[in-house]
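Structure data (TSV, C-alpha atoms) from run-v2.tsv:
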```tsv
chain	number	residue	atom	x	y	z
A	841	MET	CA	-22.75	15.02	-12.76
A	842	ARG	CA	-19.29	14.26	-14.06
A	843	ASN	CA	-18.03	11.17	-12.25
A	844	SER	CA	-15.06	12.97	-10.68
A	845	SER	CA	-17.34	15.79	-9.50
A	846	TRP	CA	-19.75	13.32	-7.94
A	847	ASP	CA	-16.87	11.62	-6.14
A	848	ASP	CA	-15.71	14.99	-4.81
A	849	LEU	CA	-19.24	15.86	-3.71
A	850	ILE	CA	-19.43	12.67	-1.65
A	851	ARG	CA	-16.03	13.41	-0.16
A	852	MET	CA	-17.26	16.90	0.74
A	853	ILE	CA	-20.40	15.51	2.37
A	854	ASP	CA	-18.19	13.13	4.38
A	855	GLY	CA	-16.16	16.08	5.63
A	856	GLU	CA	-13.03	15.59	3.54
A	857	LYS	CA	-11.24	18.72	2.32
A	858	LEU	CA	-10.95	19.20	-1.42
A	859	ASN	CA	-7.90	20.86	-2.94
A	860	TYR	CA	-10.12	23.38	-4.74
A	861	GLN	CA	-13.31	25.39	-4.27
A	862	PRO	CA	-16.09	24.12	-6.58
A	863	SER	CA	-18.59	26.21	-8.51
A	864	GLY	CA	-21.95	24.53	-9.03
A	865	PHE	CA	-25.37	25.52	-10.32
A	866	ILE	CA	-28.91	24.15	-10.36
A	867	VAL	CA	-29.82	24.19	-14.05
A	868	ASP	CA	-33.02	23.23	-15.84
A	869	SER	CA	-35.53	24.51	-18.36
A	870	PRO	CA	-35.75	28.14	-17.21
A	871	TRP	CA	-32.18	28.61	-18.52
A	872	ILE	CA	-30.95	25.80	-20.78
A	873	PRO	CA	-33.31	26.12	-23.82
A	874	GLY	CA	-32.80	29.87	-24.23
A	875	TRP	CA	-29.06	29.54	-23.72
A	876	TYR	CA	-28.94	26.78	-26.35
A	877	GLY	CA	-31.13	28.74	-28.76
A	878	ILE	CA	-34.29	26.62	-28.91
A	879	SER	CA	-37.84	27.01	-27.64
A	880	THR	CA	-38.92	25.61	-24.32
A	881	VAL	CA	-41.38	23.32	-26.09
A	882	ASP	CA	-38.66	21.88	-28.34
A	883	TYR	CA	-36.47	21.28	-25.29
A	884	TYR	CA	-39.25	19.28	-23.65
A	885	ALA	CA	-40.45	17.52	-26.80
A	886	SER	CA	-37.17	16.37	-28.36
A	887	ASP	CA	-34.95	13.89	-26.55
A	888	ASP	CA	-32.25	14.65	-29.11
A	889	LEU	CA	-32.30	18.42	-28.52
A	890	TRP	CA	-32.49	17.88	-24.75
A	891	LEU	CA	-29.36	15.71	-24.87
A	892	LYS	CA	-27.46	18.03	-27.22
A	893	ALA	CA	-28.24	21.08	-25.06
A	894	ASN	CA	-27.04	19.36	-21.90
A	895	LEU	CA	-23.91	18.02	-23.59
A	896	LYS	CA	-23.05	21.46	-24.95
A	897	MET	CA	-23.53	22.95	-21.48
A	898	ILE	CA	-21.17	20.55	-19.71
A	899	ASN	CA	-18.56	20.93	-22.45
A	900	THR	CA	-18.80	24.73	-22.52
A	901	PHE	CA	-18.27	24.98	-18.76
A	902	PRO	CA	-16.16	21.92	-17.88
A	903	ASP	CA	-15.07	23.30	-14.50
A	904	ALA	CA	-18.61	23.77	-13.15
A	905	TRP	CA	-20.72	21.24	-11.30
A	906	PHE	CA	-24.19	21.20	-12.83
A	907	LEU	CA	-26.79	19.99	-10.36
A	908	PRO	CA	-28.54	17.62	-10.53
A	909	GLY	CA	-27.16	17.03	-14.02
A	910	PHE	CA	-29.11	15.84	-17.08
A	911	TRP	CA	-32.36	16.72	-15.32
A	912	SER	CA	-35.30	15.10	-17.07
A	913	GLU	CA	-38.21	17.43	-16.34
A	914	TYR	CA	-41.18	19.35	-17.70
A	915	GLY	CA	-40.99	22.40	-15.48
A	916	MET	CA	-43.72	22.88	-12.92
A	917	CYS	CA	-45.98	20.46	-14.83
A	918	THR	CA	-43.92	17.43	-13.85
A	919	GLU	CA	-45.58	16.32	-10.61
A	920	PRO	CA	-49.05	17.87	-11.11
A	921	SER	CA	-49.37	15.96	-14.40
A	922	ALA	CA	-49.43	12.68	-12.47
A	923	PHE	CA	-52.40	13.97	-10.45
A	924	GLY	CA	-54.34	14.92	-13.58
A	925	SER	CA	-53.66	18.66	-13.92
A	926	ARG	CA	-54.30	20.29	-17.28
A	927	MET	CA	-50.92	21.36	-18.63
A	928	VAL	CA	-50.32	24.49	-20.68
A	929	PHE	CA	-47.06	24.64	-22.67
A	930	LEU	CA	-45.70	27.87	-24.16
A	931	GLU	CA	-42.94	28.35	-26.73
A	932	GLN	CA	-40.73	30.81	-24.89
A	933	SER	CA	-41.69	30.55	-21.23
A	934	LEU	CA	-42.28	27.92	-18.60
A	935	PRO	CA	-45.41	25.76	-18.66
A	936	HIS	CA	-48.00	25.83	-15.94
A	937	ALA	CA	-50.43	23.32	-14.47
A	938	ASP	CA	-54.06	24.11	-13.69
A	939	LYS	CA	-55.61	23.41	-10.31
A	940	ILE	CA	-57.55	20.18	-9.84
A	941	ILE	CA	-59.36	21.15	-6.62
A	942	GLU	CA	-60.79	24.44	-5.37
A	943	SER	CA	-60.88	23.65	-1.66
A	944	ILE	CA	-59.06	21.48	0.86
A	945	ASP	CA	-62.45	19.83	1.48
A	946	GLU	CA	-61.97	18.08	-1.88
A	947	THR	CA	-58.81	16.25	-0.79
A	948	ASP	CA	-60.49	12.85	-0.96
A	949	SER	CA	-61.06	13.39	-4.68
A	950	VAL	CA	-57.33	13.79	-5.37
A	951	PRO	CA	-56.08	10.55	-6.96
A	952	GLN	CA	-53.08	8.58	-5.72
A	953	PRO	CA	-50.86	8.45	-8.81
A	954	ASP	CA	-49.09	5.40	-10.17
A	955	VAL	CA	-45.58	6.73	-10.78
A	956	LYS	CA	-44.87	4.08	-13.41
A	957	THR	CA	-47.75	5.09	-15.69
A	958	ASP	CA	-49.29	8.46	-14.84
A	959	GLY	CA	-48.83	11.90	-16.37
A	960	LEU	CA	-45.45	12.84	-17.78
A	961	LEU	CA	-43.48	10.59	-15.46
A	962	PRO	CA	-43.04	7.67	-17.92
A	963	PHE	CA	-41.71	10.13	-20.52
A	964	MET	CA	-39.15	11.42	-18.03
A	965	ILE	CA	-37.89	7.91	-17.32
A	966	SER	CA	-37.90	7.03	-21.03
A	967	ARG	CA	-35.82	10.10	-21.90
A	968	LEU	CA	-33.17	9.06	-19.41
A	969	ARG	CA	-33.21	5.43	-20.54
A	970	ASN	CA	-32.87	6.43	-24.20
A	971	ASN	CA	-29.93	8.71	-23.43
A	972	GLU	CA	-28.26	6.87	-20.55
A	973	GLN	CA	-25.45	5.46	-22.67
A	974	ALA	CA	-24.69	8.84	-24.19
A	975	ILE	CA	-24.62	10.34	-20.70
A	976	LYS	CA	-22.19	7.64	-19.58
A	977	ASP	CA	-20.05	8.15	-22.68
A	978	ALA	CA	-19.70	11.80	-21.63
A	979	ASP	CA	-18.24	10.65	-18.28
A	980	HIS	CA	-21.43	11.43	-16.38
A	981	GLN	CA	-24.02	9.32	-14.59
A	982	ILE	CA	-27.62	9.79	-13.50
A	983	ARG	CA	-26.99	10.63	-9.84
A	984	PHE	CA	-30.11	12.32	-8.44
A	985	ALA	CA	-33.75	11.38	-8.03
A	986	ILE	CA	-35.69	14.63	-8.15
A	987	ALA	CA	-39.11	15.90	-7.08
A	988	ARG	CA	-40.84	19.05	-5.98
A	989	GLY	CA	-41.70	19.03	-2.31
A	990	PRO	CA	-45.17	18.28	-0.94
A	991	LEU	CA	-46.11	21.85	-0.02
A	992	ASN	CA	-45.00	23.04	-3.44
A	993	VAL	CA	-47.05	20.35	-5.21
A	994	ALA	CA	-50.07	21.07	-3.00
A	995	SER	CA	-49.93	24.72	-4.07
A	996	PHE	CA	-50.10	23.64	-7.73
A	997	LEU	CA	-53.02	21.30	-7.13
A	998	MET	CA	-55.25	23.83	-5.32
A	999	GLY	CA	-53.58	27.26	-5.56
A	1000	THR	CA	-51.02	28.89	-3.29
A	1001	THR	CA	-53.35	31.23	-1.42
A	1002	GLU	CA	-55.99	28.53	-0.96
A	1003	PHE	CA	-53.45	26.02	0.34
A	1004	MET	CA	-51.78	28.46	2.74
A	1005	MET	CA	-55.20	29.34	4.15
A	1006	ALA	CA	-56.02	25.65	4.48
A	1007	LEU	CA	-52.94	25.06	6.65
A	1008	ALA	CA	-54.37	27.54	9.15
A	1009	MET	CA	-58.09	26.77	8.80
A	1010	ASP	CA	-58.24	23.01	8.21
A	1011	PRO	CA	-55.11	21.23	9.47
A	1012	ASP	CA	-56.70	17.77	9.32
A	1013	ASN	CA	-57.43	17.88	5.61
A	1014	SER	CA	-54.13	19.65	5.01
A	1015	HIS	CA	-52.33	16.71	6.61
A	1016	LYS	CA	-54.40	14.33	4.50
A	1017	LEU	CA	-53.34	16.11	1.31
A	1018	LEU	CA	-49.69	16.35	2.35
A	1019	LYS	CA	-49.61	12.66	3.24
A	1020	LYS	CA	-51.06	11.74	-0.13
A	1021	ILE	CA	-48.47	13.87	-1.94
A	1022	SER	CA	-45.64	12.57	0.27
A	1023	ASP	CA	-46.64	8.98	-0.47
A	1024	PHE	CA	-46.49	9.85	-4.17
A	1025	THR	CA	-43.13	11.61	-3.75
A	1026	CYS	CA	-41.52	8.63	-2.02
A	1027	ASP	CA	-42.89	6.27	-4.68
A	1028	TRP	CA	-41.55	8.55	-7.41
A	1029	LEU	CA	-38.08	8.90	-5.89
A	1030	CYS	CA	-37.79	5.18	-5.26
A	1031	TRP	CA	-38.94	4.37	-8.81
A	1032	GLN	CA	-36.26	6.67	-10.24
A	1033	LYS	CA	-33.63	4.91	-8.15
A	1034	GLU	CA	-34.94	1.48	-9.17
A	1035	CYS	CA	-34.70	2.46	-12.84
A	1036	PHE	CA	-31.21	3.94	-12.45
A	1037	PRO	CA	-29.12	2.25	-9.73
A	1038	SER	CA	-26.40	4.91	-10.17
A	1039	ILE	CA	-28.69	7.29	-8.25
A	1040	ASP	CA	-27.46	7.99	-4.73
A	1041	GLY	CA	-28.76	11.53	-4.36
A	1042	VAL	CA	-32.14	13.15	-3.81
A	1043	LEU	CA	-33.02	16.73	-4.77
A	1044	ILE	CA	-36.23	18.22	-3.36
A	1045	LEU	CA	-37.36	21.71	-4.41
A	1046	ASP	CA	-39.94	23.49	-2.27
A	1047	ASP	CA	-40.23	27.25	-1.80
A	1048	LEU	CA	-43.54	27.10	0.07
A	1049	ILE	CA	-41.76	25.91	3.21
A	1050	GLY	CA	-40.26	29.39	3.42
A	1051	PHE	CA	-43.68	30.95	3.94
A	1052	VAL	CA	-44.71	29.23	7.17
A	1053	GLY	CA	-43.82	30.04	10.78
A	1054	GLU	CA	-41.93	27.87	13.24
A	1055	VAL	CA	-45.02	26.16	14.66
A	1056	GLU	CA	-46.39	25.34	11.21
A	1057	PHE	CA	-42.94	24.24	10.07
A	1058	SER	CA	-42.74	21.70	12.87
A	1059	GLU	CA	-46.21	20.35	12.10
A	1060	PHE	CA	-46.47	20.49	8.30
A	1061	VAL	CA	-42.88	20.36	7.04
A	1062	ILE	CA	-40.48	18.38	9.21
A	1063	PRO	CA	-42.38	15.05	9.42
A	1064	TYR	CA	-43.02	14.82	5.68
A	1065	PHE	CA	-39.56	15.97	4.58
A	1066	LYS	CA	-37.86	13.66	7.05
A	1067	ARG	CA	-39.67	10.72	5.49
A	1068	ILE	CA	-39.01	11.89	1.93
A	1069	PHE	CA	-35.29	12.40	2.46
A	1070	SER	CA	-34.90	8.98	4.09
A	1071	CYS	CA	-37.02	6.86	1.73
A	1072	THR	CA	-34.28	5.99	-0.77
A	1073	GLY	CA	-31.34	5.86	1.63
A	1074	ALA	CA	-29.52	8.41	-0.56
A	1075	LYS	CA	-26.08	9.66	0.41
A	1076	ALA	CA	-26.61	13.19	-0.96
A	1077	ARG	CA	-29.80	14.79	0.36
A	1078	PHE	CA	-30.20	18.17	-1.33
A	1079	LEU	CA	-32.90	20.75	-0.52
A	1080	HIS	CA	-33.64	23.87	-2.57
A	1081	ASN	CA	-35.65	26.67	-0.93
A	1082	ASP	CA	-34.90	30.16	-2.18
A	1083	ALA	CA	-37.73	31.80	-0.25
A	1084	ASP	CA	-37.10	32.73	3.38
A	1085	GLY	CA	-34.77	30.04	4.67
A	1086	LEU	CA	-33.89	30.83	8.27
A	1087	ILE	CA	-36.39	28.43	9.86
A	1088	THR	CA	-35.48	25.83	7.26
A	1089	ALA	CA	-31.75	26.18	7.93
A	1090	ALA	CA	-32.25	25.66	11.65
A	1091	ASN	CA	-34.10	22.39	11.02
A	1092	LEU	CA	-32.02	20.79	8.25
A	1093	LYS	CA	-30.50	18.14	10.48
A	1094	GLU	CA	-33.89	16.99	11.74
A	1095	MET	CA	-35.19	16.88	8.17
A	1096	GLY	CA	-32.26	14.70	7.10
A	1097	VAL	CA	-30.78	17.30	4.71
A	1098	ASN	CA	-27.03	17.56	4.08
A	1099	MET	CA	-27.01	20.01	1.11
A	1100	PHE	CA	-28.90	23.31	1.07
A	1101	ASN	CA	-29.47	25.90	-1.69
A	1102	PHE	CA	-31.06	29.03	-0.23
A	1103	SER	CA	-32.06	32.62	-0.90
A	1104	PHE	CA	-29.39	35.18	-1.76
A	1105	ASN	CA	-31.09	37.44	0.81
A	1106	HIS	CA	-29.35	35.44	3.55
A	1107	THR	CA	-25.61	35.67	4.11
A	1108	MET	CA	-23.42	32.59	3.98
A	1109	LYS	CA	-22.46	32.96	7.64
A	1110	GLU	CA	-26.07	33.45	8.73
A	1111	ILE	CA	-27.07	30.14	7.13
A	1112	ARG	CA	-23.92	28.35	8.33
A	1113	ASP	CA	-24.57	29.39	11.92
A	1114	LEU	CA	-28.11	28.00	11.73
A	1115	ALA	CA	-27.40	24.89	9.66
A	1116	GLY	CA	-24.25	23.79	11.45
A	1117	PRO	CA	-20.89	22.71	10.01
A	1118	GLU	CA	-22.04	19.39	8.53
A	1119	VAL	CA	-24.33	20.77	5.81
A	1120	VAL	CA	-22.94	21.55	2.36
A	1121	LEU	CA	-24.06	25.09	1.49
A	1122	VAL	CA	-24.87	25.90	-2.15
A	1123	GLY	CA	-24.88	29.65	-2.79
A	1124	ASN	CA	-24.99	32.58	-2.59
A	1125	VAL	CA	-24.89	35.21	-5.33
A	1126	PRO	CA	-28.08	36.92	-6.63
A	1127	PRO	CA	-29.06	34.91	-9.72
A	1128	ARG	CA	-31.14	37.49	-11.61
A	1129	ASP	CA	-29.91	40.93	-10.61
A	1130	VAL	CA	-26.21	40.02	-10.72
A	1131	VAL	CA	-25.47	36.85	-12.69
A	1132	ALA	CA	-28.17	37.40	-15.34
A	1133	ASN	CA	-28.40	41.20	-15.51
A	1134	GLY	CA	-25.06	42.39	-14.12
A	1135	THR	CA	-21.67	42.90	-15.74
A	1136	PRO	CA	-18.77	40.45	-15.39
A	1137	GLN	CA	-17.18	42.90	-12.94
A	1138	GLN	CA	-20.35	42.91	-10.82
A	1139	VAL	CA	-20.39	39.12	-10.86
A	1140	GLU	CA	-16.78	39.08	-9.69
A	1141	GLU	CA	-17.55	41.53	-6.88
A	1142	ALA	CA	-20.57	39.50	-5.75
A	1143	VAL	CA	-18.56	36.29	-5.63
A	1144	LYS	CA	-15.86	37.97	-3.56
A	1145	LYS	CA	-18.53	39.37	-1.23
A	1146	ALA	CA	-19.92	35.85	-0.69
A	1147	PHE	CA	-16.41	34.59	0.16
A	1148	ASP	CA	-15.90	37.42	2.62
A	1149	GLU	CA	-19.19	36.69	4.40
A	1150	ILE	CA	-17.87	33.49	5.94
A	1151	PRO	CA	-14.42	32.66	7.34
A	1152	ASP	CA	-14.52	28.88	6.78
A	1153	HIS	CA	-14.89	27.87	3.12
A	1154	GLU	CA	-15.17	24.14	3.66
A	1155	ARG	CA	-18.34	22.29	2.57
A	1156	ILE	CA	-19.39	25.08	0.21
A	1157	ILE	CA	-20.39	24.86	-3.44
A	1158	TRP	CA	-20.20	28.44	-4.72
A	1159	SER	CA	-23.39	29.13	-6.62
A	1160	VAL	CA	-26.36	31.43	-7.01
A	1161	GLY	CA	-29.06	31.80	-4.39
A	1162	GLY	CA	-31.57	29.73	-6.34
A	1163	GLY	CA	-31.60	28.12	-9.77
A	1164	MET	CA	-29.88	29.50	-12.84
A	1165	ALA	CA	-31.93	32.46	-14.04
A	1166	PRO	CA	-32.99	32.95	-17.66
A	1167	GLU	CA	-30.71	35.13	-19.81
A	1168	VAL	CA	-27.46	34.25	-18.01
A	1169	LYS	CA	-24.71	34.73	-20.60
A	1170	ASP	CA	-21.46	32.83	-21.01
A	1171	VAL	CA	-19.35	35.84	-20.12
A	1172	ASN	CA	-20.96	36.19	-16.70
A	1173	LEU	CA	-20.92	32.49	-15.94
A	1174	ASN	CA	-17.26	32.33	-16.91
A	1175	ALA	CA	-16.57	35.34	-14.68
A	1176	PHE	CA	-18.22	33.52	-11.78
A	1177	ILE	CA	-16.22	30.32	-12.27
A	1178	ARG	CA	-12.96	32.21	-12.85
A	1179	THR	CA	-13.42	34.34	-9.72
A	1180	VAL	CA	-14.06	31.30	-7.55
A	1181	LYS	CA	-10.87	29.72	-8.87
A	1182	THR	CA	-8.82	32.87	-8.38
A	1183	TYR	CA	-10.23	34.11	-5.10
A	1184	SER	CA	-10.14	30.71	-3.38
A	1185	LYS	CA	-6.35	30.70	-3.72
```
Can you present the structure in this file as structure tokens?
Amino acid sequence: MRNSSWDDLIRMIDGEKLNYQPSGFIVDSPWIPGWYGISTVDYYASDDLWLKANLKMINTFPDAWFLPGFWSEYGMCTEPSAFGSRMVFLEQSLPHADKIIESIDETDSVPQPDVKTDGLLPFMISRLRNNEQAIKDADHQIRFAIARGPLNVASFLMGTTEFMMALAMDPDNSHKLLKKISDFTCDWLCWQKECFPSIDGVLILDDLIGFVGEVEFSEFVIPYFKRIFSCTGAKARFLHNDADGLITAANLKEMGVNMFNFSFNHTMKEIRDLAGPEVVLVGNVPPRDVVANGTPQQVEEAVKKAFDEIPDHERIIWSVGGGMAPEVKDVNLNAFIRTVKTYSK
């Protein structure tokens, strides 16, 4: 993030009022390579192209907050690679990681990764180290340690259906797997912070938590996320879940979350009422149907609708209900940013 934007984010988290309404977006490889005009593989493989694409993005849209900013990642292969998943990379679409176990009974065979050496993780750190000075020269810093959440990673390692069934049928082994992944996640977040002391934020992405009920949420989500969000002592504790988010919103405080990006299917007021006034909300315009596939006028109308859904506009980063979708064009993104500026006055 730009240094001034980071400072304003911390002020917002602390409850200070800004003199403007910020627009901000979670951006990574589903959007940036296509927008920049290169293949997904080239974006992952070339540190130079990765840097140039991110620099062009921040310079093209100087008034937007891009979260987490200069995200070093390999799509959904990032965390599974450390556990030994076979990775499949495609030129024009996101990569995927193969399962490493077929059943929750095989949890003991899942290795405990070394975050300094295993999978793609050393390449992620190296990319940031090699480009850190250029990032600083652009008036940005590496601010967030990032990981997918433990339920999300578990679904990659054994399959979504198989893992969801395991939560119901074999809670003991499910806890064993989630603990192993959570240990890894804390190690990985702490290693990122050790490598880059400018980090004072954590971003966790996990949509699987939106598919469990209240009882399961209390047992399989809260304890692990509470530990993960506290392990680095980060000031900004950012959760992305754009599946069903009502149970999540009601438990953010207990989880230690103070920023929440959620599904566009929920209204701003609905999430604010559940989350409380202290949480920074990040949303909430449909990313695909409106910002990617709509007209600039439809984008403007959707932004105004989001404003009208909630009377108090403090502690809000106006965004999409999820990450930036593929095929979002400059004209629509500019319409979004312009409408936030205009309508907030």
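Ranking A:Asp1012, A:Met852, A:Gly1053, A:Gln1138 by their shortest atom-to-atom distance to Glu1118 (chain A), with only C-alpha atoms included, puts A:Met852 first.
Counting only C-alpha atoms, the residue from A:Phe901, A:Phe1176, A:Phe1060, A:Tyr860 that sits nearest to Ala1132 (chain A) is A:Phe1176.
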Exercise for the section: Compile the contact shell of Lys1181 (chain A) as a VMD selection string: residues with an atom at most 10 Å away, counting all atoms listed in the file, same-chain residues fewer than 2 positions apart removed. Expected result: chain A and resid 860 to 863 903 1175 to 1179 1183 to 1185
Exercise for the section: Would you list the contacts of Glu1034 (chain A) as a PyMOL selection string, taking every protein, DNA or RNA residue within 12 Å and counting all atoms listed in the file, but skipping same-chain residues closer than 5 positions in sequence? Expected result: chain A and resi 955-956+965+982+984-985+1027-1029+1039-1040+1072
Around the point (-19.7, 16.8, -6.1) in the file's coordinates, collect all residues with an atom within 12 Å, using all atoms listed in the file, and return them as a PDB file with C-alpha atoms, keeping the file's coordinate frame.
```pdb
ATOM      1  CA  MET A 841     -22.750  15.020 -12.760  1.00  0.00           C
ATOM      2  CA  ARG A 842     -19.290  14.260 -14.060  1.00  0.00           C
ATOM      3  CA  ASN A 843     -18.030  11.170 -12.250  1.00  0.00           C
ATOM      4  CA  SER A 844     -15.060  12.970 -10.680  1.00  0.00           C
ATOM      5  CA  SER A 845     -17.340  15.790  -9.500  1.00  0.00           C
ATOM      6  CA  TRP A 846     -19.750  13.320  -7.940  1.00  0.00           C
ATOM      7  CA  ASP A 847     -16.870  11.620  -6.140  1.00  0.00           C
ATOM      8  CA  ASP A 848     -15.710  14.990  -4.810  1.00  0.00           C
ATOM      9  CA  LEU A 849     -19.240  15.860  -3.710  1.00  0.00           C
ATOM     10  CA  ILE A 850     -19.430  12.670  -1.650  1.00  0.00           C
ATOM     11  CA  ARG A 851     -16.030  13.410  -0.160  1.00  0.00           C
ATOM     12  CA  MET A 852     -17.260  16.900   0.740  1.00  0.00           C
ATOM     13  CA  ILE A 853     -20.400  15.510   2.370  1.00  0.00           C
ATOM     14  CA  ASP A 854     -18.190  13.130   4.380  1.00  0.00           C
ATOM     15  CA  GLU A 856     -13.030  15.590   3.540  1.00  0.00           C
ATOM     16  CA  LEU A 858     -10.950  19.200  -1.420  1.00  0.00           C
ATOM     17  CA  TYR A 860     -10.120  23.380  -4.740  1.00  0.00           C
ATOM     18  CA  GLN A 861     -13.310  25.390  -4.270  1.00  0.00           C
ATOM     19  CA  PRO A 862     -16.090  24.120  -6.580  1.00  0.00           C
ATOM     20  CA  SER A 863     -18.590  26.210  -8.510  1.00  0.00           C
ATOM     21  CA  GLY A 864     -21.950  24.530  -9.030  1.00  0.00           C
ATOM     22  CA  PHE A 865     -25.370  25.520 -10.320  1.00  0.00           C
ATOM     23  CA  ASP A 903     -15.070  23.300 -14.500  1.00  0.00           C
ATOM     24  CA  ALA A 904     -18.610  23.770 -13.150  1.00  0.00           C
ATOM     25  CA  TRP A 905     -20.720  21.240 -11.300  1.00  0.00           C
ATOM     26  CA  PHE A 906     -24.190  21.200 -12.830  1.00  0.00           C
ATOM     27  CA  LEU A 907     -26.790  19.990 -10.360  1.00  0.00           C
ATOM     28  CA  PRO A 908     -28.540  17.620 -10.530  1.00  0.00           C
ATOM     29  CA  GLY A 909     -27.160  17.030 -14.020  1.00  0.00           C
ATOM     30  CA  HIS A 980     -21.430  11.430 -16.380  1.00  0.00           C
ATOM     31  CA  ARG A 983     -26.990  10.630  -9.840  1.00  0.00           C
ATOM     32  CA  PHE A 984     -30.110  12.320  -8.440  1.00  0.00           C
ATOM     33  CA  ASP A1040     -27.460   7.990  -4.730  1.00  0.00           C
ATOM     34  CA  GLY A1041     -28.760  11.530  -4.360  1.00  0.00           C
ATOM     35  CA  LYS A1075     -26.080   9.660   0.410  1.00  0.00           C
ATOM     36  CA  ALA A1076     -26.610  13.190  -0.960  1.00  0.00           C
ATOM     37  CA  PHE A1078     -30.200  18.170  -1.330  1.00  0.00           C
ATOM     38  CA  MET A1099     -27.010  20.010   1.110  1.00  0.00           C
ATOM     39  CA  VAL A1120     -22.940  21.550   2.360  1.00  0.00           C
ATOM     40  CA  VAL A1122     -24.870  25.900  -2.150  1.00  0.00           C
ATOM     41  CA  ARG A1155     -18.340  22.290   2.570  1.00  0.00           C
ATOM     42  CA  ILE A1156     -19.390  25.080   0.210  1.00  0.00           C
ATOM     43  CA  ILE A1157     -20.390  24.860  -3.440  1.00  0.00           C
ATOM     44  CA  TRP A1158     -20.200  28.440  -4.720  1.00  0.00           C
TER      45      TRP A1158
END
```
Fill in the blank from the handout: Using all atoms listed in the file, the shortest atom-to-atom distance to Leu1079 (chain A) among A:Lys1016, A:Lys976, A:Lys1066, A:His936 belongs to A:Lys1066
Practice task
Skip Phe1102 (chain A) itself and residues of its chain fewer than 6 positions away, then list as number ranges by chain all residues within 6 Å of it, counting only C-alpha atoms.
Solution key: A: 1081-1082, 1161
For region 1124-1128 of chain A, supply all heavy atoms and format the output as a compact mmCIF listing (two decimals), keeping the file's coordinate frame.
```txt
# COMPACT_ATOMS: atom_id res chain seq x y z
N ASN A 1124 -23.76 31.91 -2.86
CA ASN A 1124 -24.99 32.58 -2.59
C ASN A 1124 -24.96 33.96 -3.22
O ASN A 1124 -24.97 34.97 -2.54
CB ASN A 1124 -25.23 32.68 -1.08
CG ASN A 1124 -26.62 33.09 -0.76
OD1 ASN A 1124 -27.53 32.77 -1.50
ND2 ASN A 1124 -26.78 33.82 0.31
N VAL A 1125 -24.93 33.98 -4.55
CA VAL A 1125 -24.89 35.21 -5.33
C VAL A 1125 -26.26 35.43 -5.97
O VAL A 1125 -26.89 34.47 -6.42
CB VAL A 1125 -23.79 35.12 -6.42
CG1 VAL A 1125 -23.85 36.31 -7.37
CG2 VAL A 1125 -22.41 35.02 -5.76
N PRO A 1126 -26.77 36.67 -6.01
CA PRO A 1126 -28.08 36.92 -6.63
C PRO A 1126 -28.13 36.42 -8.08
O PRO A 1126 -27.35 36.86 -8.93
CB PRO A 1126 -28.20 38.45 -6.56
CG PRO A 1126 -27.37 38.85 -5.39
CD PRO A 1126 -26.21 37.90 -5.39
N PRO A 1127 -29.05 35.51 -8.39
CA PRO A 1127 -29.06 34.91 -9.72
C PRO A 1127 -29.55 35.83 -10.83
O PRO A 1127 -29.00 35.81 -11.94
CB PRO A 1127 -30.01 33.71 -9.56
CG PRO A 1127 -30.86 34.03 -8.38
CD PRO A 1127 -30.02 34.89 -7.48
N ARG A 1128 -30.57 36.65 -10.56
CA ARG A 1128 -31.14 37.49 -11.61
C ARG A 1128 -30.44 38.83 -11.70
O ARG A 1128 -29.95 39.22 -12.76
CB ARG A 1128 -32.64 37.69 -11.36
CG ARG A 1128 -33.36 38.49 -12.44
CD ARG A 1128 -34.74 38.93 -11.97
NE ARG A 1128 -34.65 39.81 -10.80
CZ ARG A 1128 -35.69 40.16 -10.06
NH1 ARG A 1128 -36.90 39.70 -10.32
NH2 ARG A 1128 -35.53 40.98 -9.02
```
